[in-house]
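S.K.: upload07.txt is reproduced in full below (compact mmCIF, C-alpha atoms and all ligand atoms).
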# COMPACT_ATOMS: atom_id res chain seq x y z
CA MET A 30 97.94 108.50 130.51
CA GLU A 31 100.09 105.81 132.17
CA LYS A 32 100.59 102.45 130.58
CA LEU A 33 102.61 99.33 131.27
CA ILE A 34 105.00 98.86 128.36
CA ASP A 35 107.40 95.89 128.36
CA GLY A 36 107.03 95.69 132.12
CA GLU A 37 107.69 99.39 132.65
CA LYS A 38 105.08 101.92 133.70
CA LEU A 39 105.32 104.81 131.25
CA ASN A 40 103.58 108.12 130.87
CA ILE A 41 102.32 108.17 127.27
CA PRO A 42 102.50 111.49 125.42
CA GLN A 43 99.05 112.52 124.25
CA HIS A 44 100.35 113.99 120.99
CA VAL A 45 103.42 112.79 119.07
CA ALA A 46 104.62 114.82 116.07
CA ILE A 47 107.11 113.23 113.68
CA ILE A 48 109.48 114.61 111.05
CA MET A 49 109.82 111.53 108.88
CA ASP A 50 113.24 112.13 107.37
CA GLY A 51 115.78 109.96 105.59
CA ASN A 52 113.76 108.28 102.82
CA GLY A 53 116.18 109.48 100.14
CA ARG A 54 119.28 108.27 101.96
CA TRP A 55 117.61 104.93 102.71
CA ALA A 56 116.99 104.43 98.99
CA LYS A 57 120.47 105.62 98.04
CA LYS A 58 122.05 103.03 100.34
CA ARG A 59 120.19 100.43 98.29
CA LEU A 60 121.24 102.03 94.98
CA MET A 61 117.60 102.76 94.30
CA PRO A 62 115.83 105.96 93.18
CA ARG A 63 114.62 108.34 95.93
CA ASN A 64 110.98 107.52 95.30
CA PHE A 65 111.65 103.92 96.31
CA GLY A 66 112.46 105.34 99.73
CA HIS A 67 109.27 107.39 99.81
CA LYS A 68 107.25 104.29 99.03
CA ALA A 69 108.89 102.38 101.87
CA GLY A 70 108.36 105.41 104.13
CA ALA A 71 104.64 105.49 103.38
CA LYS A 72 104.32 101.86 104.50
CA VAL A 73 105.93 102.76 107.81
CA VAL A 74 103.40 105.56 108.33
CA GLU A 75 100.58 103.02 108.12
CA GLN A 76 102.25 100.78 110.67
CA MET A 77 103.01 103.71 112.95
CA CYS A 78 99.34 104.73 113.11
CA GLU A 79 98.53 101.31 114.54
CA ASP A 80 101.55 101.11 116.83
CA ALA A 81 101.14 104.61 118.25
CA TYR A 82 97.47 104.05 118.97
CA ASN A 83 98.11 100.68 120.60
CA LEU A 84 100.63 102.35 122.88
CA GLY A 85 98.00 104.88 123.96
CA VAL A 86 98.93 107.89 121.81
CA LYS A 87 95.81 109.92 120.96
CA TYR A 88 97.23 112.33 118.36
CA LEU A 89 99.85 111.55 115.74
CA THR A 90 100.99 114.25 113.32
CA VAL A 91 103.43 113.51 110.51
CA TYR A 92 105.35 115.81 108.19
CA ALA A 93 104.80 114.42 104.70
CA PHE A 94 105.67 117.32 102.38
CA SER A 95 106.93 120.80 103.24
CA THR A 96 106.33 124.09 101.47
CA GLU A 97 110.04 123.90 100.60
CA ASN A 98 109.95 120.39 99.15
CA TRP A 99 108.74 121.77 95.77
CA LYS A 100 112.43 122.62 95.21
CA ARG A 101 113.09 118.95 94.47
CA SER A 102 113.17 117.51 90.96
CA VAL A 103 109.91 117.30 88.99
CA GLU A 104 110.36 113.54 88.97
CA GLU A 105 110.60 113.29 92.75
CA VAL A 106 107.71 115.70 93.42
CA SER A 107 105.38 113.96 90.97
CA GLY A 108 106.42 110.60 92.42
CA ILE A 109 105.49 111.80 95.91
CA MET A 110 102.16 113.21 94.69
CA ASN A 111 101.29 109.93 92.96
CA LEU A 112 102.18 108.00 96.06
CA LEU A 113 99.95 110.35 97.98
CA ARG A 114 97.02 109.70 95.65
CA HIS A 115 97.20 105.98 96.38
CA TYR A 116 97.88 106.57 100.02
CA LEU A 117 94.77 108.74 100.46
CA ILE A 118 92.53 106.14 98.81
CA ASP A 119 93.91 103.35 101.02
CA CYS A 120 93.66 105.63 103.99
CA ILE A 121 89.90 106.03 103.64
CA GLU A 122 89.54 102.27 103.97
CA ARG A 123 92.05 101.89 106.78
CA ALA A 124 90.63 104.79 108.76
CA SER A 125 87.17 103.27 108.68
CA LYS A 126 88.54 99.95 109.86
CA ASN A 127 90.70 101.47 112.60
CA ASN A 128 88.24 104.11 113.75
CA MET A 129 90.85 106.77 112.89
CA ARG A 130 90.10 110.44 112.32
CA VAL A 131 92.30 111.95 109.63
CA ARG A 132 93.04 115.61 109.05
CA VAL A 133 95.38 117.36 106.65
CA ILE A 134 97.18 120.58 107.56
CA GLY A 135 99.06 122.88 105.19
CA ASP A 136 98.13 124.96 102.16
CA ARG A 137 96.08 122.65 99.98
CA THR A 138 95.36 125.31 97.36
CA ALA A 139 98.65 124.42 95.64
CA LEU A 140 97.75 120.72 95.36
CA ASP A 141 96.10 119.10 92.33
CA ALA A 142 92.29 119.23 92.37
CA ASP A 143 91.87 115.45 92.55
CA ILE A 144 94.14 115.27 95.59
CA VAL A 145 92.19 118.05 97.33
CA GLU A 146 89.00 116.16 96.58
CA LYS A 147 90.38 112.98 98.17
CA ILE A 148 91.54 114.93 101.21
CA GLU A 149 88.10 116.44 101.69
CA GLU A 150 86.47 113.07 101.32
CA LEU A 151 88.85 111.51 103.83
CA GLU A 152 88.28 114.30 106.36
CA THR A 153 84.51 114.18 106.00
CA ILE A 154 84.19 110.41 106.19
CA THR A 155 86.50 110.06 109.19
CA ALA A 156 85.24 113.07 111.19
CA LYS A 157 82.97 110.78 113.19
CA TYR A 158 85.71 108.42 114.36
CA ASP A 159 87.10 108.75 117.85
CA GLY A 160 90.17 106.51 117.69
CA LEU A 161 93.57 107.90 116.74
CA ASN A 162 93.61 111.53 115.56
CA PHE A 163 95.98 111.28 112.64
CA THR A 164 97.15 114.49 110.98
CA ILE A 165 99.17 114.72 107.78
CA ALA A 166 101.18 117.90 107.17
CA LEU A 167 101.07 118.38 103.42
CA ASN A 168 102.47 121.38 101.60
CA TYR A 169 102.91 122.50 105.17
CA GLY A 170 105.27 125.20 106.47
CA GLY A 171 105.04 126.68 109.94
CA ARG A 172 105.77 130.18 108.64
CA ASP A 173 103.26 129.82 105.83
CA GLU A 174 100.64 128.62 108.33
CA LEU A 175 101.31 131.69 110.48
CA ARG A 176 101.15 133.93 107.43
CA ARG A 177 97.74 132.55 106.52
CA GLY A 178 96.56 132.83 110.12
CA VAL A 179 97.75 136.44 110.38
CA GLN A 180 95.89 137.26 107.18
CA ASP A 181 92.70 135.83 108.70
CA ILE A 182 93.12 137.91 111.84
CA ALA A 183 93.91 141.03 109.81
CA ARG A 184 90.73 140.54 107.81
CA LYS A 185 88.70 140.38 111.03
CA VAL A 186 90.36 143.56 112.30
CA ALA A 187 89.79 145.34 108.99
CA SER A 188 86.11 144.41 108.99
CA GLY A 189 85.72 145.65 112.56
CA GLU A 190 84.83 142.18 113.90
CA ILE A 191 87.67 142.37 116.45
CA SER A 192 90.03 145.07 117.70
CA PRO A 193 93.84 144.61 117.73
CA GLU A 194 93.83 144.65 121.56
CA THR A 195 91.79 141.46 121.71
CA ILE A 196 94.37 139.43 119.77
CA ASP A 197 95.76 136.95 122.29
CA GLU A 198 97.68 133.67 122.05
CA ALA A 199 94.45 131.68 122.05
CA LEU A 200 93.20 133.59 119.00
CA ILE A 201 96.47 133.00 117.17
CA SER A 202 96.32 129.26 117.97
CA ALA A 203 92.72 129.20 116.79
CA SER A 204 93.74 130.85 113.51
CA LEU A 205 96.18 128.05 112.62
CA ASP A 206 95.48 124.82 110.73
CA THR A 207 95.92 122.93 114.02
CA ARG A 208 93.08 124.79 115.76
CA ASP A 209 91.35 121.60 116.92
CA ILE A 210 94.52 119.77 117.90
CA PRO A 211 96.43 120.08 121.21
CA ASP A 212 100.11 121.06 121.02
CA PRO A 213 102.52 118.12 120.64
CA ASP A 214 104.09 116.65 123.80
CA LEU A 215 106.86 114.82 121.96
CA MET A 216 108.51 115.61 118.61
CA ILE A 217 110.58 112.92 116.91
CA ARG A 218 112.94 113.56 113.99
CA THR A 219 114.61 110.65 112.27
CA SER A 220 117.79 110.43 110.16
CA GLY A 221 120.16 112.33 112.43
CA GLU A 222 119.15 115.86 111.45
CA TYR A 223 118.76 118.30 114.34
CA ARG A 224 116.46 120.99 112.99
CA LEU A 225 112.79 121.83 112.69
CA SER A 226 112.70 122.51 108.93
CA ASN A 227 109.67 124.79 109.38
CA TYR A 228 107.59 122.18 111.24
CA LEU A 229 104.90 123.35 113.70
CA ILE A 230 107.04 126.27 114.85
CA TRP A 231 104.28 127.83 116.98
CA GLN A 232 102.93 124.57 118.40
CA LEU A 233 106.28 123.08 119.46
CA ALA A 234 107.06 125.89 121.93
CA TYR A 235 107.13 123.53 124.97
CA THR A 236 107.44 120.15 123.28
CA GLU A 237 110.17 117.64 124.18
CA PHE A 238 112.44 116.77 121.24
CA TYR A 239 113.80 113.32 120.44
CA PHE A 240 116.33 112.79 117.65
CA THR A 241 117.44 109.45 116.27
CA ASP A 242 119.85 108.39 113.52
CA VAL A 243 117.38 105.75 112.31
CA LEU A 244 116.20 106.51 108.75
CA TRP A 245 112.42 106.78 108.49
CA PRO A 246 111.82 103.59 106.43
CA ASP A 247 113.65 101.65 109.17
CA PHE A 248 111.64 103.18 112.04
CA THR A 249 109.77 100.57 114.10
CA VAL A 250 107.58 100.36 117.17
CA GLU A 251 110.75 99.69 119.18
CA ASP A 252 112.10 103.09 118.12
CA LEU A 253 108.81 104.69 119.11
CA LYS A 254 108.98 103.02 122.52
CA GLU A 255 112.56 104.28 122.89
CA ALA A 256 111.36 107.83 122.18
CA ILE A 257 108.59 107.45 124.77
CA ARG A 258 111.10 106.17 127.34
CA TYR A 259 113.27 109.22 126.63
CA TYR A 260 110.21 111.45 127.05
CA ASN A 261 109.61 109.86 130.45
CA GLY A 262 113.08 110.87 131.54
CA ARG A 263 112.41 114.54 130.87
CA GLU A 264 111.05 116.99 133.40
CA ARG A 265 108.69 119.47 131.78
CA ARG A 266 108.92 122.74 133.67
CA TYR A 267 107.11 125.16 131.35
CA GLY A 268 109.24 128.03 132.61
CA GLY A 269 108.51 127.32 136.27
CA VAL A 270 110.59 125.68 139.01
CA LYS A 271 110.17 122.09 140.22
C1 LIG A 301 111.73 112.75 103.99
O1 LIG A 301 112.81 112.08 103.42
C2 LIG A 301 110.51 112.76 103.11
C3 LIG A 301 110.23 114.03 102.43
C4 LIG A 301 110.84 115.16 102.69
C5 LIG A 301 109.19 114.04 101.43
P1 LIG A 301 113.83 112.82 102.46
O2 LIG A 301 113.36 112.71 101.07
O3 LIG A 301 114.07 114.22 102.94
O4 LIG A 301 115.12 111.92 102.66
P2 LIG A 301 116.63 112.43 102.74
O5 LIG A 301 116.68 113.46 103.85
O6 LIG A 301 116.98 113.03 101.43
O7 LIG A 301 117.40 111.20 103.08
C1 LIG A 302 111.54 117.95 106.34
O1 LIG A 302 112.53 117.21 105.75
C2 LIG A 302 110.25 117.80 105.59
C3 LIG A 302 109.65 116.47 105.66
C4 LIG A 302 110.07 115.44 106.35
C5 LIG A 302 108.44 116.31 104.88
P1 LIG A 302 113.52 117.82 104.67
O2 LIG A 302 114.44 116.71 104.29
O3 LIG A 302 112.76 118.47 103.60
O4 LIG A 302 114.29 118.93 105.51
P2 LIG A 302 115.72 119.56 105.29
O5 LIG A 302 115.79 120.01 103.87
O6 LIG A 302 116.70 118.48 105.58
O7 LIG A 302 115.81 120.67 106.27
MG MG A 303 115.40 115.02 104.23
Could you render the structure from this file as structure tokens?
Ligand code: IPE
Ligand code: IPE
Ligand code: MG

M.R.:
Amino acid sequence: MEKLIDGEKLNIPQHVAIIMDGNGRWAKKRLMPRNFGHKAGAKVVEQMCEDAYNLGVKYLTVYAFSTENWKRSVEEVSGIMNLLRHYLIDCIERASKNNMRVRVIGDRTALDADIVEKIEELETITAKYDGLNFTIALNYGGRDELRRGVQDIARKVASGEISPETIDEALISASLDTRDIPDPDLMIRTSGEYRLSNYLIWQLAYTEFYFTDVLWPDFTVEDLKEAIRYYNGRERRYGGVK
């Protein structure tokens, strides 16, 4: 989709995936505990849902908690989970107001029962909305997602439902948590780190990457526009020649 943004005609990526990094450093700079940064980061997520949608983005996927983030202190992890509880409740209200469909990807079996309940409620209530498709990656790891998907496929082979020869890329994609979501066009990572940290490793195969030093709690619509401008400067070749 093309859109006029600040007087410039830009091609808007259909799906933007974000690694929201730098909350801890943002808090540290202010001599505050890490969870203060997570709280500020959560506010920015809310704003970003509105900004991205207003710019014409149809899918927004954010990395909120990785399968590796359990390695952090009990205090930080429980702080994040509490923040999440409040966030999910607010999100039900906001999604209804903004016509936003919310999904959660990742292994939810490791989450507390009340959180899982809120996630299910949020997904059910918002399934009918056709505004922004907002996806939260929670206890998400790309390798873990593939592991679970491979187990599903193996079960189908073992039961005789499919034969190994019929396993194609489409079946693998359909066995992942993102089965209903197109692959991202643009991936943004904040805070000056240049790695994927186990994010959407299958889905990002042909995605354009944008890295910025901005810490996530400082990320604004201007930074998003900058990323979209960068995306417009790229030539996506998908292995072919142009
Ligand atoms: C990202 O910010 C949020 C989560 C991983 C939950 P960090 O907490 O990783 O912030 P830094 O990287 O330590 O600054
Ligand atoms: C990636 O950030 C995970 C999230 C943003 C939720 P991390 O801060 O956990 O990644 P590393 O440890 O720097 O690779
Ligand atoms: Mg980090």

S.K.: Would you list the contacts of Thr155 in chain A as number ranges by chain, taking every protein, DNA or RNA residue within 10 Å and counting only C-alpha atoms, but skipping same-chain residues closer than 4 positions in sequence?

M.R.: A: 120-122, 124-125, 128-132, 149-151, 159-160, 162

S.K.: Those residues you just picked out, can you put them in a file as a PDB file, keeping the file's coordinate frame with C-alpha atoms?

M.R.:
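Now in selection.pdb:
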ATOM      1  CA  CYS A 120      93.660 105.630 103.990  1.00  0.00           C
ATOM      2  CA  ILE A 121      89.900 106.030 103.640  1.00  0.00           C
ATOM      3  CA  GLU A 122      89.540 102.270 103.970  1.00  0.00           C
ATOM      4  CA  ALA A 124      90.630 104.790 108.760  1.00  0.00           C
ATOM      5  CA  SER A 125      87.170 103.270 108.680  1.00  0.00           C
ATOM      6  CA  ASN A 128      88.240 104.110 113.750  1.00  0.00           C
ATOM      7  CA  MET A 129      90.850 106.770 112.890  1.00  0.00           C
ATOM      8  CA  ARG A 130      90.100 110.440 112.320  1.00  0.00           C
ATOM      9  CA  VAL A 131      92.300 111.950 109.630  1.00  0.00           C
ATOM     10  CA  ARG A 132      93.040 115.610 109.050  1.00  0.00           C
ATOM     11  CA  GLU A 149      88.100 116.440 101.690  1.00  0.00           C
ATOM     12  CA  GLU A 150      86.470 113.070 101.320  1.00  0.00           C
ATOM     13  CA  LEU A 151      88.850 111.510 103.830  1.00  0.00           C
ATOM     14  CA  ASP A 159      87.100 108.750 117.850  1.00  0.00           C
ATOM     15  CA  GLY A 160      90.170 106.510 117.690  1.00  0.00           C
ATOM     16  CA  ASN A 162      93.610 111.530 115.560  1.00  0.00           C
TER      17      ASN A 162
END

S.K.: List as a list in words the protein and nucleic acid residues near range 258-265 of chain A, meaning an atom at most 7 Å away when all atoms listed in the file are counted, but skip any in the same chain fewer than 6 places from it.

M.R.: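 Residues near the query, excluding close chain neighbours: Leu39, Asn40, Leu215 and Glu237 of chain A.
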
S.K.: Let me see if you get this right: every residue at most 8 Å from ligand MG 303 (chain A), counting all atoms listed in the file, written as a list in words.

M.R.: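 What falls inside 8 Å of ligand MG 303 (chain A) is Asp50, Gly51, Asn52, Gly53 and Ser220 of chain A.
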
S.K.: Save the residues we just selected, C-alpha atoms, as a PDB file, in the coordinates of the input?

M.R.:
ATOM      1  CA  ASP A  50     113.240 112.130 107.370  1.00  0.00           C
ATOM      2  CA  GLY A  51     115.780 109.960 105.590  1.00  0.00           C
ATOM      3  CA  ASN A  52     113.760 108.280 102.820  1.00  0.00           C
ATOM      4  CA  GLY A  53     116.180 109.480 100.140  1.00  0.00           C
ATOM      5  CA  SER A 220     117.790 110.430 110.160  1.00  0.00           C
TER       6      SER A 220
END

S.K.: Which value, in Å to one decimal, gives the distance between CA of Leu140 in chain A and CA of Tyr82 in chain A?

M.R.: 28.9 Å

S.K.: Counting all atoms listed in the file, what is within 8 Å of Ile109 in chain A, bar same-chain residues fewer than 3 positions away, as a PyMOL selection string?

M.R.: chain A and resi 64+67+105-106+112-113

S.K.: Would you compute the distance between CA of Gln232 in chain A and CA of Glu97 in chain A? Give it in Å to one decimal.

M.R.: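 Answer for the CA of Gln232 in chain A to CA of Glu97 in chain A separation: 19.2 Å.
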
S.K.: Taking only C-alpha atoms into account, which of A:Gln76, A:Ser204, A:Asn98, A:Thr249 comes nearest Gly170 in chain A?

M.R.: A:Asn98

S.K.: Using all atoms listed in the file, find each protein or nucleic acid residue lying at most 10 Å from ligand LIG 301 (chain A); present the set as a ChimeraX atom specification.

M.R.: /A:48-58,63-64,66-68,70-71,92-95,97-99,101,105-106,109-110,167-168,219-222,226,244-246

S.K.: Give me, please, the distance in Å between CA of Lys157 in chain A and CA of Asn127 in chain A, quoted to one decimal.

M.R.: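 Those two atoms sit 12.1 Å apart.
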
S.K.: Once you count all atoms listed in the file, which residues end up no further than 8 Å from (94.4, 113.7, 98.3) in the file's frame, shown as a ChimeraX atom specification?

M.R.: /A:113-114,117-118,143-149

S.K.: Name the residues in contact with range 209-214 of chain A at a cut-off of 10 Å, using all atoms listed in the file, excluding same-chain residues fewer than 5 positions from it; report them as a PyMOL selection string.

M.R.: chain A and resi 41-47+88-90+132+162+164+202-203+229+231-238+260+265

S.K.: Ranking A:Arg59, A:His115, A:Arg184, A:Lys100 by minimum distance to ligand LIG 302 (chain A) and counting only C-alpha atoms and all ligand atoms, which one comes first?

M.R.: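 Among the listed residues, the smallest separation from ligand LIG 302 (chain A) belongs to A:Lys100.
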
S.K.: Any idea what's packed within 10 Å of Arg177 in chain A, counting all atoms listed in the file, ignoring anything in its chain fewer than 2 positions away? Could you give it as a ChimeraX atom specification?

M.R.: /A:135-136,171-175,179-183,204-206

S.K.: Identify which of the residues A:Lys126, A:Arg218, A:Arg137, A:Lys38 lies closest to ligand LIG 302 (chain A), counting all atoms listed in the file when measuring atom-to-atom distances.

M.R.: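 The shortest atom-to-atom distance to ligand LIG 302 (chain A) comes from A:Arg218.
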
S.K.: Edge lengths and centre, in Å to one decimal, as lines of an AutoDock Vina configuration file: that's what I need for the box along x, y and z that holds all listed atoms of range 232-243 of chain A plus 8 Å on each side.

M.R.:
center_x = 111.4
center_y = 115.8
center_z = 118.6
size_x = 32.9
size_y = 36.1
size_z = 28.7

S.K.: Out of A:Val91, A:Ala199, A:Val103, A:Val243, which residue has the shortest atom-to-atom distance to ligand LIG 302 (chain A) when counting all atoms listed in the file?

M.R.: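 Of A:Val91, A:Ala199, A:Val103, A:Val243, the one nearest ligand LIG 302 (chain A), counting all atoms listed in the file, is A:Val91.
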
S.K.: Calculated over all atoms listed in the file, which of the candidates A:Val186, A:Glu75, A:Thr96, A:Ile134 has the smallest distance to Ala166 in chain A?

M.R.: A:Ile134

S.K.: Compare A:Arg208, A:Pro62, A:Tyr116, A:Ala139 by their minimum atom-to-atom distance to Glu104 in chain A, counting all atoms listed in the file, and give me the closest one.

M.R.: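 When distances to Glu104 in chain A are compared using all atoms listed in the file, the smallest one comes from A:Pro62.
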